[in-house]
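Asker: Input file: start_22.txt. Contents: compact mmCIF, C-alpha atoms.
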# COMPACT_ATOMS: atom_id res chain seq x y z
CA MET A 1 9.49 10.95 7.63
CA ILE A 2 8.91 7.46 8.87
CA TYR A 3 6.25 7.21 11.54
CA PRO A 4 7.28 5.61 14.83
CA PRO A 5 5.83 2.18 15.55
CA ARG A 6 2.69 2.01 17.62
CA ALA A 7 2.91 -0.03 20.80
CA ASP A 8 -0.87 0.17 21.24
CA GLY A 9 -1.86 -1.05 17.79
CA LEU A 10 -0.82 -1.77 14.24
CA ARG A 11 -1.01 0.06 10.96
CA ILE A 12 -1.98 -2.09 8.00
CA THR A 13 1.44 -1.63 6.39
CA THR A 14 3.04 -2.93 9.59
CA LEU A 15 0.53 -5.76 9.87
CA ILE A 16 1.37 -7.14 6.42
CA SER A 17 5.15 -6.86 6.84
CA LEU A 18 7.47 -9.13 8.79
CA PRO A 19 6.68 -9.13 12.54
CA ILE A 20 10.38 -9.00 13.43
CA ILE A 21 10.68 -5.60 11.74
CA HIS A 22 7.93 -4.19 13.97
CA GLN A 23 9.52 -5.66 17.09
CA LEU A 24 12.94 -4.27 16.22
CA LYS A 25 11.47 -0.83 15.54
CA LEU A 26 9.66 -0.89 18.89
CA ARG A 27 12.90 -1.76 20.69
CA HIS A 28 15.32 0.45 18.77
CA TRP A 29 13.31 3.36 17.32
CA GLU A 30 15.37 6.02 19.10
CA ASP A 31 18.61 4.56 17.73
CA MET A 32 17.49 4.30 14.11
CA GLU A 33 18.87 6.57 11.42
CA GLU A 34 17.94 6.95 7.80
CA ASP A 35 20.07 8.19 4.94
CA VAL A 36 18.16 10.83 2.98
CA ILE A 37 19.05 9.02 -0.27
CA ASP A 38 17.08 5.99 0.94
CA SER A 39 13.91 8.10 1.18
CA THR A 40 13.87 9.40 -2.42
CA TRP A 41 11.15 7.09 -3.73
CA ARG A 42 9.05 7.51 -0.57
CA LEU A 43 9.18 11.28 -1.16
CA LEU A 44 7.89 10.80 -4.71
CA GLY A 45 5.12 8.55 -3.41
CA ARG A 46 4.06 11.11 -0.80
CA ALA A 47 4.05 13.87 -3.41
CA ILE A 48 1.79 11.83 -5.70
CA HIS A 49 -0.52 10.93 -2.80
CA GLY A 50 -0.67 14.61 -1.84
CA VAL A 51 -1.76 15.51 -5.36
CA ILE A 52 -4.39 12.76 -5.28
CA GLU A 53 -5.72 13.98 -1.95
CA ARG A 54 -6.02 17.59 -3.14
CA SER A 55 -7.38 16.90 -6.60
CA SER A 56 -9.40 13.69 -6.44
CA ASP A 57 -12.84 14.15 -7.90
CA ARG A 58 -13.83 10.61 -6.93
CA GLY A 59 -15.03 9.68 -3.49
CA ILE A 60 -13.07 10.33 -0.33
CA ALA A 61 -9.30 10.67 -0.66
CA GLU A 62 -6.90 9.59 2.11
CA GLN A 63 -9.66 7.97 4.16
CA LYS A 64 -8.39 7.12 7.65
CA MET A 65 -9.95 4.01 9.19
CA GLU A 66 -9.51 2.21 12.50
CA LYS A 67 -11.09 -0.81 14.17
CA GLU A 68 -10.37 -2.70 17.33
CA ILE A 69 -9.93 -6.40 16.64
CA ASP A 70 -9.39 -8.74 19.58
CA GLY A 71 -8.28 -5.82 21.73
CA VAL A 72 -5.77 -4.49 19.18
CA SER A 73 -6.28 -1.21 17.33
CA ILE A 74 -5.81 -1.77 13.58
CA SER A 75 -5.58 1.35 11.42
CA GLY A 76 -4.92 2.33 7.86
CA THR A 77 -5.42 5.07 5.32
CA ALA A 78 -7.00 4.20 2.00
CA ASP A 79 -5.99 6.34 -0.98
CA VAL A 80 -9.52 6.73 -2.38
CA ILE A 81 -12.87 5.20 -1.43
CA ASP A 82 -15.55 5.91 -4.01
CA GLY A 83 -18.82 4.39 -2.86
CA ASP A 84 -18.04 0.70 -2.55
CA GLU A 85 -14.84 0.83 -4.62
CA LEU A 86 -11.32 1.15 -3.22
CA LEU A 87 -8.54 2.70 -5.32
CA ASP A 88 -4.92 2.40 -4.24
CA TYR A 89 -2.05 4.14 -6.02
CA LYS A 90 1.40 2.59 -6.23
CA ILE A 91 4.57 4.01 -7.72
CA THR A 92 7.11 1.42 -8.70
CA SER A 93 9.68 0.40 -11.26
CA VAL A 94 8.45 -0.98 -14.55
CA TRP A 95 10.67 -4.00 -13.86
CA HIS A 96 8.34 -4.92 -11.02
CA LYS A 97 5.85 -5.76 -13.77
CA VAL A 98 8.27 -7.28 -16.26
CA PHE A 99 9.87 -9.74 -13.83
CA SER A 100 6.87 -10.81 -11.74
CA ASP A 101 3.74 -12.87 -12.06
CA GLY A 102 1.02 -10.34 -11.31
CA LEU A 103 0.67 -7.87 -8.49
CA PRO A 104 2.84 -8.22 -5.38
CA PRO A 105 0.96 -10.29 -2.77
CA GLU A 106 1.50 -7.62 -0.09
CA TRP A 107 -0.42 -5.08 -2.21
CA ILE A 108 -3.39 -7.44 -2.43
CA LYS A 109 -3.22 -8.16 1.31
CA GLN A 110 -3.12 -4.42 2.03
CA LEU A 111 -6.28 -3.77 0.00
CA ASN A 112 -8.08 -6.69 1.62
CA CYS A 113 -7.25 -5.25 5.05
CA TYR A 114 -8.49 -1.80 4.00
CA ALA A 115 -11.67 -3.40 2.66
CA TYR A 116 -12.23 -5.09 6.02
CA LEU A 117 -11.64 -1.86 7.96
CA SER A 118 -14.03 0.02 5.68
CA GLY A 119 -16.75 -2.61 5.83
CA LYS A 120 -18.30 -1.37 2.60
CA ILE A 121 -15.86 -2.26 -0.18
CA ASN A 122 -17.04 -4.60 -2.95
CA SER A 123 -14.36 -3.91 -5.56
CA ALA A 124 -10.78 -2.69 -5.58
CA LYS A 125 -8.24 -1.46 -8.09
CA ILE A 126 -4.54 -0.75 -7.86
CA ILE A 127 -3.41 2.07 -10.10
CA VAL A 128 0.29 1.65 -10.79
CA ILE A 129 2.49 4.49 -11.96
CA TYR A 130 5.67 3.12 -13.54
CA ARG A 131 8.30 5.73 -12.71
CA ASP A 132 10.88 4.47 -15.23
CA TRP A 133 8.57 3.59 -18.14
CA SER A 134 9.99 3.97 -21.64
CA LYS A 135 7.80 4.52 -24.72
CA SER A 136 10.39 2.80 -26.92
CA LYS A 137 9.91 -0.48 -25.00
CA ALA A 138 6.10 -0.32 -24.89
CA GLY A 139 5.70 -3.03 -27.54
CA ASP A 140 7.93 -5.54 -25.74
CA THR A 141 6.42 -8.66 -24.22
CA ASP A 142 5.41 -8.19 -20.55
CA TYR A 143 6.25 -4.48 -20.73
CA PRO A 144 3.35 -2.17 -19.79
CA PRO A 145 1.88 -0.42 -22.84
CA VAL A 146 1.48 2.87 -20.92
CA PRO A 147 3.09 4.35 -17.77
CA LEU A 148 -0.15 4.28 -15.78
CA MET A 149 -2.08 1.01 -15.47
CA ALA A 150 -5.16 0.03 -13.45
CA TYR A 151 -5.43 -3.55 -12.18
CA ASP A 152 -8.50 -5.16 -10.64
CA VAL A 153 -7.86 -6.82 -7.28
CA GLN A 154 -9.76 -9.94 -6.30
CA LEU A 155 -10.97 -9.33 -2.76
CA ALA A 156 -11.37 -12.14 -0.25
CA ASN A 157 -14.63 -12.48 1.63
CA GLU A 158 -15.00 -10.63 4.93
CA ALA A 159 -14.45 -13.77 7.04
CA ASP A 160 -11.14 -14.49 5.27
CA GLN A 161 -10.06 -10.86 5.58
CA LEU A 162 -10.68 -10.96 9.34
CA ALA A 163 -8.95 -14.33 9.66
CA TYR A 164 -5.85 -12.91 7.95
CA ILE A 165 -5.78 -9.88 10.26
CA ARG A 166 -6.19 -12.07 13.32
CA GLU A 167 -3.43 -14.41 12.14
CA ARG A 168 -1.03 -11.50 11.73
Render the structure in this file as structure tokens.

Answerer:
Amino acid sequence: MIYPPRADGLRITTLISLPIIHQLKLRHWEDMEEDVIDSTWRLLGRAIHGVIERSSDRGIAEQKMEKEIDGVSISGTADVIDGDELLDYKITSVWHKVFSDGLPPEWIKQLNCYAYLSGKINSAKIIVIYRDWSKSKAGDTDYPPVPLMAYDVQLANEADQLAYIRER
């Protein structure tokens, strides 16, 4: 299920995406359709997040956060907050790693926004699960050595995080 757009605020995932997408969803939500095939990977992601929420022995799983910024409600749900550390799980193709220079910028922006909403995050990691990882290719250059990798995320300072949110 895709959640309908909020007219009274923004979710972090909406905030970091293209503004035109949000506007089009607001205008045409009732007319939108989705082919079930297009939701396959989202289903896998939700299943993994459900397992994390039920079995996490670290911190608070699926932490919902919301702040009003300049009269706009900004909300998001962090995967895990353990003290002052934020953990975010991503499921993606191994080729995302092979053919890119580092983590996708939108993932880093998302964690910076969560850190701002939380107000207590000093470090962040993205744990990537490569859904199509192959052991036989593990020695190849730029190929992940294992199907589950943790990456440290450099967080911006609080002033820069707020400036980004306000800009969006």

Asker: Can you pull out the residues contacting A:Val94? Cut-off 9 Å, using all atoms listed in the file, and skip same-chain residues under 2 positions away; I want them as a PyMOL selection string.

Answerer: chain A and resi 92+96-99+129-134+143-144+147

Asker: Of the residues A:Ile126, A:Ile69, A:Leu148, A:Leu87, which is the one nearest to A:Gln161, using all atoms listed in the file?

Answerer: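 Smallest distance to A:Gln161 is found for A:Ile69.
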
Asker: Can you list, as a list in words, every protein, DNA or RNA residue that comes within 10 Å of A:Pro145 when you count all atoms listed in the file, leaving out same-chain residues fewer than 3 positions away?

Answerer: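 Counting only the stated atoms, we get Trp133, Ser134, Lys135, Ser136, Lys137, Ala138, Gly139, Asp140, Thr141, Asp142, Leu148 and Met149 of chain A.
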
Asker: Could you pull the residues within 12 Å of A:Gly76, counting all atoms listed in the file, minus those fewer than 3 positions along the same chain, as a PyMOL selection string?

Answerer: chain A and resi 9-16+62-67+73+79+110-118

Asker: From the options A:Lys125, A:Arg6, A:Arg42, A:Arg168, which residue's atoms come nearest to A:Leu26, counting all atoms listed in the file?

Answerer: A:Arg6

Asker: Please list as an NGL selection string every residue within 12 Å of A:Leu44, counting all atoms listed in the file and excluding residues in the same chain fewer than 3 positions away.

Answerer: :A and (38-41 or 47-51 or 90-92 or 129-131)

Asker: Quick one: write out the picked residues with C-alpha atoms as a PDB file, keeping the file's coordinate frame?

Answerer:
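Done, and the output landed in out-v8.pdb:
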ATOM      1  CA  ASP A  38      17.080   5.990   0.940  1.00  0.00           C
ATOM      2  CA  SER A  39      13.910   8.100   1.180  1.00  0.00           C
ATOM      3  CA  THR A  40      13.870   9.400  -2.420  1.00  0.00           C
ATOM      4  CA  TRP A  41      11.150   7.090  -3.730  1.00  0.00           C
ATOM      5  CA  ALA A  47       4.050  13.870  -3.410  1.00  0.00           C
ATOM      6  CA  ILE A  48       1.790  11.830  -5.700  1.00  0.00           C
ATOM      7  CA  HIS A  49      -0.520  10.930  -2.800  1.00  0.00           C
ATOM      8  CA  GLY A  50      -0.670  14.610  -1.840  1.00  0.00           C
ATOM      9  CA  VAL A  51      -1.760  15.510  -5.360  1.00  0.00           C
ATOM     10  CA  LYS A  90       1.400   2.590  -6.230  1.00  0.00           C
ATOM     11  CA  ILE A  91       4.570   4.010  -7.720  1.00  0.00           C
ATOM     12  CA  THR A  92       7.110   1.420  -8.700  1.00  0.00           C
ATOM     13  CA  ILE A 129       2.490   4.490 -11.960  1.00  0.00           C
ATOM     14  CA  TYR A 130       5.670   3.120 -13.540  1.00  0.00           C
ATOM     15  CA  ARG A 131       8.300   5.730 -12.710  1.00  0.00           C
TER      16      ARG A 131
END

Asker: Name the closest residue to A:Lys120 among the candidates A:Ser93, A:Ser75, A:Asn157, A:Ser17; distances are taken between atoms, counting all atoms listed in the file.

Answerer: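 Checking each of A:Ser93, A:Ser75, A:Asn157, A:Ser17 against A:Lys120, counting all atoms listed in the file, the winner is A:Asn157.
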
Asker: Set the distance at 8 Å and use all atoms listed in the file: which residues neighbour A:Gln154 once local chain neighbours fewer than 5 positions away are removed? I'd like the list as a compact mmCIF listing (two decimals) with C-alpha atoms, keeping the file's coordinate frame.

Answerer:
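Output saved as selection-v8.txt:
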# COMPACT_ATOMS: atom_id res chain seq x y z
CA ILE A 108 -3.39 -7.44 -2.43
CA SER A 123 -14.36 -3.91 -5.56
CA ALA A 124 -10.78 -2.69 -5.58

Asker: Have a look at atom CA of A:Trp107 and atom CA of A:Ile165 and let me know their distance in Å, one decimal.

Answerer: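 For atom CA of A:Trp107 relative to atom CA of A:Ile165, the distance reads 14.4 Å.
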
Asker: From the set A:Leu43, A:Val153, A:Leu86, A:Met32, which residue has the shortest atom-to-atom contact distance to A:Arg58, counting all atoms listed in the file?

Answerer: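 When distances to A:Arg58 are compared using all atoms listed in the file, the smallest one comes from A:Leu86.
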
Asker: Under the rule that all atoms listed in the file are counted, which of A:Asp88, A:Pro19, A:Leu24, A:Val128 is the nearest residue to A:Pro4?

Answerer: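 Of all the options, A:Leu24 lies closest to A:Pro4.
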
Asker: Tell me, in Å to one decimal, how far atom CA of A:Asp84 is from atom CA of A:Asn122.

Answerer: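 Separation between atom CA of A:Asp84 and atom CA of A:Asn122: 5.4 Å.
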
Asker: In Å, how far is it from atom CA of A:Ser100 to atom CA of A:Ala156?

Answerer: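 Answer for the atom CA of A:Ser100 to atom CA of A:Ala156 separation: 21.6 Å.
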
Asker: Can you find the residues with an atom no farther than 6 Å from (-17.0, 6.2, -0.8), counting only C-alpha atoms, and report them as a compact mmCIF listing (two decimals) with C-alpha atoms, in the frame of the given file?

Answerer:
# COMPACT_ATOMS: atom_id res chain seq x y z
CA GLY A 59 -15.03 9.68 -3.49
CA ILE A 60 -13.07 10.33 -0.33
CA ILE A 81 -12.87 5.20 -1.43
CA ASP A 82 -15.55 5.91 -4.01
CA GLY A 83 -18.82 4.39 -2.86
CA ASP A 84 -18.04 0.70 -2.55

Asker: Taking only C-alpha atoms into account, name the residue in A:His28, A:Trp95, A:Ile52, A:Leu18 that is nearest to A:Pro5.

Answerer: A:His28
